[in-house]
file my_file_10.cif (mmCIF, N, CA, C and O atoms and all ligand atoms)
data_entry
#
loop_
_atom_site.label_atom_id
_atom_site.label_comp_id
_atom_site.auth_asym_id
_atom_site.auth_seq_id
_atom_site.Cartn_x
_atom_site.Cartn_y
_atom_site.Cartn_z
N MET A 1 -31.90 -80.01 141.42
CA MET A 1 -31.74 -80.83 140.23
C MET A 1 -31.33 -80.00 139.01
O MET A 1 -30.55 -80.43 138.20
N HIS A 2 -31.88 -78.80 138.93
CA HIS A 2 -31.56 -77.92 137.80
C HIS A 2 -30.58 -76.82 138.22
O HIS A 2 -30.52 -75.78 137.61
N GLU A 3 -29.86 -77.08 139.28
CA GLU A 3 -29.00 -76.04 139.86
C GLU A 3 -27.93 -75.51 138.91
O GLU A 3 -27.56 -74.36 138.99
N SER A 4 -27.45 -76.36 138.05
CA SER A 4 -26.38 -75.93 137.16
C SER A 4 -26.90 -75.40 135.83
O SER A 4 -26.14 -75.03 134.96
N THR A 5 -28.21 -75.38 135.69
CA THR A 5 -28.79 -74.93 134.43
C THR A 5 -28.92 -73.41 134.39
O THR A 5 -29.55 -72.81 135.25
N LEU A 6 -28.32 -72.82 133.39
CA LEU A 6 -28.43 -71.37 133.22
C LEU A 6 -29.52 -71.08 132.21
O LEU A 6 -29.60 -71.70 131.16
N GLU A 7 -30.37 -70.13 132.57
CA GLU A 7 -31.43 -69.75 131.65
C GLU A 7 -31.38 -68.25 131.40
O GLU A 7 -30.93 -67.49 132.25
N THR A 8 -31.85 -67.86 130.25
CA THR A 8 -31.80 -66.45 129.89
C THR A 8 -33.04 -65.73 130.41
O THR A 8 -34.16 -66.08 130.07
N CYS A 9 -32.79 -64.73 131.21
CA CYS A 9 -33.86 -63.91 131.78
C CYS A 9 -34.45 -63.02 130.69
O CYS A 9 -33.72 -62.41 129.92
N ILE A 10 -35.77 -62.94 130.62
CA ILE A 10 -36.41 -62.14 129.57
C ILE A 10 -36.34 -60.65 129.86
O ILE A 10 -36.56 -59.84 128.98
N ILE A 11 -36.06 -60.28 131.10
CA ILE A 11 -36.00 -58.86 131.46
C ILE A 11 -34.60 -58.29 131.22
O ILE A 11 -34.43 -57.33 130.49
N CYS A 12 -33.61 -58.88 131.85
CA CYS A 12 -32.25 -58.35 131.75
C CYS A 12 -31.42 -59.05 130.67
O CYS A 12 -30.32 -58.63 130.36
N GLU A 13 -31.97 -60.12 130.13
CA GLU A 13 -31.33 -60.89 129.07
C GLU A 13 -29.96 -61.46 129.46
O GLU A 13 -29.10 -61.68 128.63
N GLN A 14 -29.82 -61.68 130.74
CA GLN A 14 -28.59 -62.31 131.21
C GLN A 14 -28.87 -63.73 131.62
O GLN A 14 -30.00 -64.08 131.99
N ARG A 15 -27.85 -64.53 131.55
CA ARG A 15 -28.02 -65.93 131.91
C ARG A 15 -27.83 -66.10 133.42
O ARG A 15 -26.79 -65.81 133.95
N LYS A 16 -28.91 -66.57 134.05
CA LYS A 16 -28.90 -66.69 135.50
C LYS A 16 -29.32 -68.09 135.91
O LYS A 16 -29.99 -68.81 135.17
N LYS A 17 -28.93 -68.42 137.12
CA LYS A 17 -29.25 -69.74 137.66
C LYS A 17 -30.60 -69.75 138.35
O LYS A 17 -31.40 -70.66 138.20
N LYS A 18 -30.81 -68.70 139.17
CA LYS A 18 -32.03 -68.68 139.99
C LYS A 18 -33.09 -67.75 139.42
O LYS A 18 -32.79 -66.65 138.98
N GLY A 19 -34.31 -68.22 139.48
CA GLY A 19 -35.40 -67.39 139.00
C GLY A 19 -36.69 -68.17 138.96
O GLY A 19 -36.79 -69.29 139.46
N ILE A 20 -37.69 -67.54 138.36
CA ILE A 20 -38.99 -68.18 138.25
C ILE A 20 -39.36 -68.36 136.79
O ILE A 20 -38.86 -67.64 135.93
N HIS A 21 -40.24 -69.29 136.54
CA HIS A 21 -40.71 -69.51 135.19
C HIS A 21 -42.10 -68.91 135.02
O HIS A 21 -42.97 -69.10 135.85
N LEU A 22 -42.24 -68.18 133.95
CA LEU A 22 -43.54 -67.61 133.62
C LEU A 22 -43.86 -68.07 132.21
O LEU A 22 -43.16 -67.73 131.27
N TYR A 23 -44.92 -68.86 132.09
CA TYR A 23 -45.23 -69.49 130.82
C TYR A 23 -43.99 -70.26 130.35
O TYR A 23 -43.47 -71.07 131.11
N THR A 24 -43.47 -69.96 129.20
CA THR A 24 -42.30 -70.68 128.72
C THR A 24 -41.03 -69.89 128.97
O THR A 24 -39.96 -70.30 128.56
N SER A 25 -41.16 -68.75 129.64
CA SER A 25 -40.01 -67.89 129.82
C SER A 25 -39.49 -67.88 131.25
O SER A 25 -40.12 -68.39 132.17
N PHE A 26 -38.35 -67.27 131.39
CA PHE A 26 -37.65 -67.28 132.66
C PHE A 26 -37.36 -65.85 133.12
O PHE A 26 -36.95 -65.00 132.33
N ILE A 27 -37.61 -65.60 134.39
CA ILE A 27 -37.28 -64.30 134.98
C ILE A 27 -36.34 -64.58 136.15
O ILE A 27 -36.66 -65.38 137.03
N CYS A 28 -35.18 -63.95 136.14
CA CYS A 28 -34.22 -64.20 137.21
C CYS A 28 -34.70 -63.59 138.52
O CYS A 28 -35.54 -62.69 138.53
N ILE A 29 -34.15 -64.09 139.59
CA ILE A 29 -34.58 -63.68 140.91
C ILE A 29 -34.33 -62.19 141.15
O ILE A 29 -35.09 -61.52 141.84
N ASP A 30 -33.28 -61.65 140.55
CA ASP A 30 -32.97 -60.22 140.70
C ASP A 30 -34.04 -59.35 140.07
O ASP A 30 -34.48 -58.36 140.65
N CYS A 31 -34.44 -59.73 138.85
CA CYS A 31 -35.48 -58.96 138.16
C CYS A 31 -36.83 -59.12 138.85
O CYS A 31 -37.59 -58.17 138.93
N GLU A 32 -37.08 -60.31 139.33
CA GLU A 32 -38.33 -60.54 140.02
C GLU A 32 -38.44 -59.62 141.23
O GLU A 32 -39.46 -58.98 141.45
N LYS A 33 -37.35 -59.54 141.98
CA LYS A 33 -37.29 -58.66 143.15
C LYS A 33 -37.50 -57.21 142.75
O LYS A 33 -38.21 -56.46 143.40
N GLU A 34 -36.83 -56.83 141.66
CA GLU A 34 -36.90 -55.44 141.22
C GLU A 34 -38.32 -55.09 140.78
O GLU A 34 -38.81 -53.99 141.07
N ILE A 35 -38.97 -56.01 140.11
CA ILE A 35 -40.35 -55.77 139.68
C ILE A 35 -41.24 -55.55 140.90
O ILE A 35 -42.04 -54.62 140.94
N LEU A 36 -41.05 -56.40 141.89
CA LEU A 36 -41.87 -56.31 143.09
C LEU A 36 -41.62 -55.02 143.87
O LEU A 36 -42.51 -54.51 144.54
N GLN A 37 -40.39 -54.49 143.76
CA GLN A 37 -40.05 -53.29 144.51
C GLN A 37 -40.35 -52.01 143.74
O GLN A 37 -40.30 -50.92 144.30
N THR A 38 -40.63 -52.15 142.47
CA THR A 38 -40.87 -50.97 141.65
C THR A 38 -42.32 -50.51 141.78
O THR A 38 -43.24 -51.31 141.72
N ASP A 39 -42.47 -49.22 141.95
CA ASP A 39 -43.81 -48.64 142.05
C ASP A 39 -44.52 -48.79 140.71
O ASP A 39 -43.91 -48.63 139.65
N THR A 40 -45.80 -49.08 140.76
CA THR A 40 -46.55 -49.31 139.52
C THR A 40 -46.66 -48.04 138.67
O THR A 40 -46.95 -48.11 137.49
N ASN A 41 -46.42 -46.89 139.27
CA ASN A 41 -46.44 -45.63 138.52
C ASN A 41 -45.11 -45.32 137.86
O ASN A 41 -44.99 -44.39 137.06
N ASP A 42 -44.12 -46.09 138.25
CA ASP A 42 -42.77 -45.89 137.72
C ASP A 42 -42.70 -46.32 136.25
O ASP A 42 -43.30 -47.32 135.86
N ALA A 43 -41.95 -45.55 135.48
CA ALA A 43 -41.80 -45.88 134.06
C ALA A 43 -41.11 -47.23 133.89
O ALA A 43 -41.36 -47.96 132.93
N LYS A 44 -40.27 -47.54 134.84
CA LYS A 44 -39.55 -48.82 134.81
C LYS A 44 -40.52 -49.99 134.92
O LYS A 44 -40.34 -51.03 134.29
N TYR A 45 -41.54 -49.80 135.70
CA TYR A 45 -42.54 -50.83 135.89
C TYR A 45 -43.26 -51.11 134.57
O TYR A 45 -43.53 -52.26 134.21
N GLN A 46 -43.55 -50.04 133.85
CA GLN A 46 -44.20 -50.18 132.55
C GLN A 46 -43.33 -50.95 131.58
O GLN A 46 -43.81 -51.75 130.77
N TYR A 47 -42.03 -50.72 131.70
CA TYR A 47 -41.07 -51.44 130.87
C TYR A 47 -41.10 -52.93 131.19
O TYR A 47 -41.14 -53.77 130.30
N PHE A 48 -41.14 -53.24 132.47
CA PHE A 48 -41.20 -54.65 132.89
C PHE A 48 -42.45 -55.31 132.34
O PHE A 48 -42.40 -56.43 131.82
N ILE A 49 -43.56 -54.61 132.47
CA ILE A 49 -44.84 -55.15 132.02
C ILE A 49 -44.80 -55.42 130.52
O ILE A 49 -45.29 -56.44 130.04
N LYS A 50 -44.16 -54.50 129.80
CA LYS A 50 -44.04 -54.66 128.36
C LYS A 50 -43.25 -55.93 128.01
O LYS A 50 -43.62 -56.68 127.12
N ARG A 51 -42.18 -56.13 128.74
CA ARG A 51 -41.36 -57.33 128.53
C ARG A 51 -42.17 -58.58 128.85
O ARG A 51 -42.10 -59.57 128.14
N LEU A 52 -42.92 -58.51 129.92
CA LEU A 52 -43.70 -59.65 130.36
C LEU A 52 -44.81 -59.97 129.36
O LEU A 52 -45.11 -61.13 129.11
N LYS A 53 -45.39 -58.94 128.81
CA LYS A 53 -46.48 -59.15 127.86
C LYS A 53 -46.00 -59.85 126.60
O LYS A 53 -46.75 -60.57 125.95
N CYS A 54 -44.75 -59.62 126.26
CA CYS A 54 -44.16 -60.27 125.09
C CYS A 54 -44.17 -61.79 125.24
O CYS A 54 -44.28 -62.50 124.25
N VAL A 55 -44.02 -62.24 126.47
CA VAL A 55 -43.94 -63.68 126.67
C VAL A 55 -45.28 -64.28 127.07
O VAL A 55 -45.46 -65.47 127.05
N ALA A 56 -46.21 -63.41 127.43
CA ALA A 56 -47.48 -63.90 127.93
C ALA A 56 -48.45 -64.28 126.83
O ALA A 56 -49.53 -64.78 127.08
N LYS A 57 -48.04 -64.01 125.58
CA LYS A 57 -48.90 -64.36 124.45
C LYS A 57 -49.10 -65.87 124.36
O LYS A 57 -48.13 -66.61 124.34
N PRO A 58 -50.32 -66.29 124.26
CA PRO A 58 -50.53 -67.73 124.13
C PRO A 58 -50.04 -68.26 122.79
O PRO A 58 -50.26 -67.65 121.77
N GLU A 59 -49.35 -69.36 122.86
CA GLU A 59 -48.78 -69.91 121.63
C GLU A 59 -49.47 -71.20 121.23
O GLU A 59 -48.99 -71.93 120.38
N ILE A 60 -50.58 -71.46 121.84
CA ILE A 60 -51.28 -72.73 121.58
C ILE A 60 -51.91 -72.76 120.19
O ILE A 60 -52.23 -73.81 119.69
N PHE A 61 -52.09 -71.60 119.60
CA PHE A 61 -52.73 -71.55 118.28
C PHE A 61 -51.75 -71.68 117.13
O PHE A 61 -52.15 -71.78 115.98
N SER A 62 -50.48 -71.64 117.44
CA SER A 62 -49.48 -71.70 116.38
C SER A 62 -49.29 -73.12 115.85
O SER A 62 -49.56 -74.08 116.53
ZN ZN A 101 -33.07 -60.73 134.99
#

call {"tool": "encode", "arguments": {"input": "my_file_10.cif", "output": "structure tokens"}}
result
Amino acid sequence: MHESTLETCIICEQRKKKGIHLYTSFICIDCEKEILQTDTNDAKYQYFIKRLKCVAKPEIFS
């Protein structure tokens, strides 16, 4: 149903069709895969987490 909808990935900031929704944000399938494949000790992983934390803030109080 939403096949033609492009959404902006919060990690790579590119507009992609496929991905998952986290809170109100979108992560493309490529980044999701990369996150899962990245070692938690990797600096890249920390970068991903930082990006994710930006969107994980609850906005219910605003
Ligand atoms: Zn992405």

call {"tool": "residues_near_ligand", "arguments": {"input": "my_file_10.cif", "ligand": "ligand ZN 101 (chain A)", "cutoff": "5 Å", "atoms": "only N, CA, C and O atoms and all ligand atoms", "output": "list in words"}}
result
Cys9, Ile11, Cys12, Cys28 and Cys31 of chain A

call {"tool": "atom_distance", "arguments": {"input": "my_file_10.cif", "atom1": "CA of Glu32 in chain A", "atom2": "CA of Gln46 in chain A"}}
result
14.1 Å

call {"tool": "residues_around", "arguments": {"input": "my_file_10.cif", "residues": "Ser25 in chain A", "least_positions_apart": "5", "cutoff": "8 Å", "atoms": "all atoms listed in the file", "output": "MDAnalysis selection string"}}
result
chainID A and resid 8:10 19:20 55:56

call {"tool": "select_by_dssp", "arguments": {"input": "my_file_10.cif", "residues": "chain A", "states": "alpha helix (DSSP H)", "output": "list in words"}}
result
Ile29, Asp30, Cys31, Glu32, Lys33, Glu34, Ile35, Leu36, Gln37, Ala43, Lys44, Tyr45, Gln46, Tyr47, Phe48, Ile49, Lys50, Arg51, Leu52, Lys53, Cys54, Val55 and Ala56 of chain A

call {"tool": "atom_distance", "arguments": {"input": "my_file_10.cif", "atom1": "atom C of Thr5 in chain A", "atom2": "atom N of Lys18 in chain A"}}
result
7.0 Å

call {"tool": "select_by_dssp", "arguments": {"input": "my_file_10.cif", "residues": "chain A", "states": "strand (DSSP E)", "output": "PyMOL selection string"}}
result
chain A and resi 7-8+15-16+19-22+25-28

call {"tool": "atom_distance", "arguments": {"input": "my_file_10.cif", "atom1": "atom C of Thr24 in chain A", "atom2": "atom C of Lys50 in chain A"}}
result
14.2 Å

call {"tool": "closest_residue", "arguments": {"input": "my_file_10.cif", "among": "A:Arg51, A:Glu34, A:Asp42, A:Ile29", "to": "Lys17 in chain A", "atoms": "only N, CA, C and O atoms"}}
result
A:Ile29

call {"tool": "residues_around", "arguments": {"input": "my_file_10.cif", "residues": "Ile35 in chain A", "least_positions_apart": "5", "cutoff": "8 Å", "atoms": "all atoms listed in the file", "output": "PyMOL selection string"}}
result
chain A and resi 28-30+40+44-45+48-49

call {"tool": "build_atoms", "arguments": {"input": "my_file_10.cif", "residues": "range 25-36 of chain A", "atoms": "all heavy atoms", "output": "short mmCIF file (atom, residue, chain, number, x, y, z; two decimals), in the frame of the given file"}}
result
data_model
loop_
_atom_site.label_atom_id
_atom_site.label_comp_id
_atom_site.auth_asym_id
_atom_site.auth_seq_id
_atom_site.Cartn_x
_atom_site.Cartn_y
_atom_site.Cartn_z
N SER A 25 -41.16 -68.75 129.64
CA SER A 25 -40.01 -67.89 129.82
C SER A 25 -39.49 -67.88 131.25
O SER A 25 -40.12 -68.39 132.17
CB SER A 25 -40.35 -66.46 129.40
OG SER A 25 -40.71 -66.48 128.05
N PHE A 26 -38.35 -67.27 131.39
CA PHE A 26 -37.65 -67.28 132.66
C PHE A 26 -37.36 -65.85 133.12
O PHE A 26 -36.95 -65.00 132.33
CB PHE A 26 -36.34 -68.05 132.47
CG PHE A 26 -35.42 -68.02 133.66
CD1 PHE A 26 -35.64 -68.85 134.74
CD2 PHE A 26 -34.33 -67.17 133.66
CE1 PHE A 26 -34.79 -68.82 135.84
CE2 PHE A 26 -33.46 -67.15 134.76
CZ PHE A 26 -33.69 -67.97 135.84
N ILE A 27 -37.61 -65.60 134.39
CA ILE A 27 -37.28 -64.30 134.98
C ILE A 27 -36.34 -64.58 136.15
O ILE A 27 -36.66 -65.38 137.03
CB ILE A 27 -38.54 -63.58 135.50
CG1 ILE A 27 -39.53 -63.35 134.36
CG2 ILE A 27 -38.17 -62.24 136.14
CD1 ILE A 27 -40.89 -62.87 134.83
N CYS A 28 -35.18 -63.95 136.14
CA CYS A 28 -34.22 -64.20 137.21
C CYS A 28 -34.70 -63.59 138.52
O CYS A 28 -35.54 -62.69 138.53
CB CYS A 28 -32.83 -63.68 136.83
SG CYS A 28 -32.66 -61.89 136.88
N ILE A 29 -34.15 -64.09 139.59
CA ILE A 29 -34.58 -63.68 140.91
C ILE A 29 -34.33 -62.19 141.15
O ILE A 29 -35.09 -61.52 141.84
CB ILE A 29 -33.93 -64.58 141.99
CG1 ILE A 29 -34.74 -64.57 143.27
CG2 ILE A 29 -32.45 -64.23 142.20
CD1 ILE A 29 -34.69 -65.87 144.03
N ASP A 30 -33.28 -61.65 140.55
CA ASP A 30 -32.97 -60.22 140.70
C ASP A 30 -34.04 -59.35 140.07
O ASP A 30 -34.48 -58.36 140.65
CB ASP A 30 -31.62 -59.91 140.08
CG ASP A 30 -30.51 -60.72 140.72
OD1 ASP A 30 -30.53 -60.88 141.96
OD2 ASP A 30 -29.63 -61.20 139.99
N CYS A 31 -34.44 -59.73 138.85
CA CYS A 31 -35.48 -58.96 138.16
C CYS A 31 -36.83 -59.12 138.85
O CYS A 31 -37.59 -58.17 138.93
CB CYS A 31 -35.56 -59.38 136.70
SG CYS A 31 -34.14 -58.85 135.75
N GLU A 32 -37.08 -60.31 139.33
CA GLU A 32 -38.33 -60.54 140.02
C GLU A 32 -38.44 -59.62 141.23
O GLU A 32 -39.46 -58.98 141.45
CB GLU A 32 -38.42 -62.01 140.45
CG GLU A 32 -39.80 -62.38 140.95
CD GLU A 32 -39.78 -63.54 141.94
OE1 GLU A 32 -38.73 -64.17 142.13
OE2 GLU A 32 -40.84 -63.79 142.53
N LYS A 33 -37.35 -59.54 141.98
CA LYS A 33 -37.29 -58.66 143.15
C LYS A 33 -37.50 -57.21 142.75
O LYS A 33 -38.21 -56.46 143.40
CB LYS A 33 -35.93 -58.80 143.83
CG LYS A 33 -35.96 -59.67 145.07
CD LYS A 33 -34.65 -59.53 145.79
CE LYS A 33 -34.12 -60.89 146.21
NZ LYS A 33 -32.70 -60.85 146.59
N GLU A 34 -36.83 -56.83 141.66
CA GLU A 34 -36.90 -55.44 141.22
C GLU A 34 -38.32 -55.09 140.78
O GLU A 34 -38.81 -53.99 141.07
CB GLU A 34 -35.91 -55.22 140.08
CG GLU A 34 -35.33 -53.82 140.15
CD GLU A 34 -34.28 -53.56 139.09
OE1 GLU A 34 -33.60 -54.52 138.68
OE2 GLU A 34 -34.16 -52.41 138.68
N ILE A 35 -38.97 -56.01 140.11
CA ILE A 35 -40.35 -55.77 139.68
C ILE A 35 -41.24 -55.55 140.90
O ILE A 35 -42.04 -54.62 140.94
CB ILE A 35 -40.88 -56.95 138.83
CG1 ILE A 35 -40.12 -57.02 137.50
CG2 ILE A 35 -42.37 -56.82 138.58
CD1 ILE A 35 -40.36 -58.29 136.71
N LEU A 36 -41.05 -56.40 141.89
CA LEU A 36 -41.87 -56.31 143.09
C LEU A 36 -41.62 -55.02 143.87
O LEU A 36 -42.51 -54.51 144.54
CB LEU A 36 -41.63 -57.53 143.99
CG LEU A 36 -42.06 -58.87 143.42
CD1 LEU A 36 -41.65 -60.01 144.34
CD2 LEU A 36 -43.57 -58.92 143.18
#
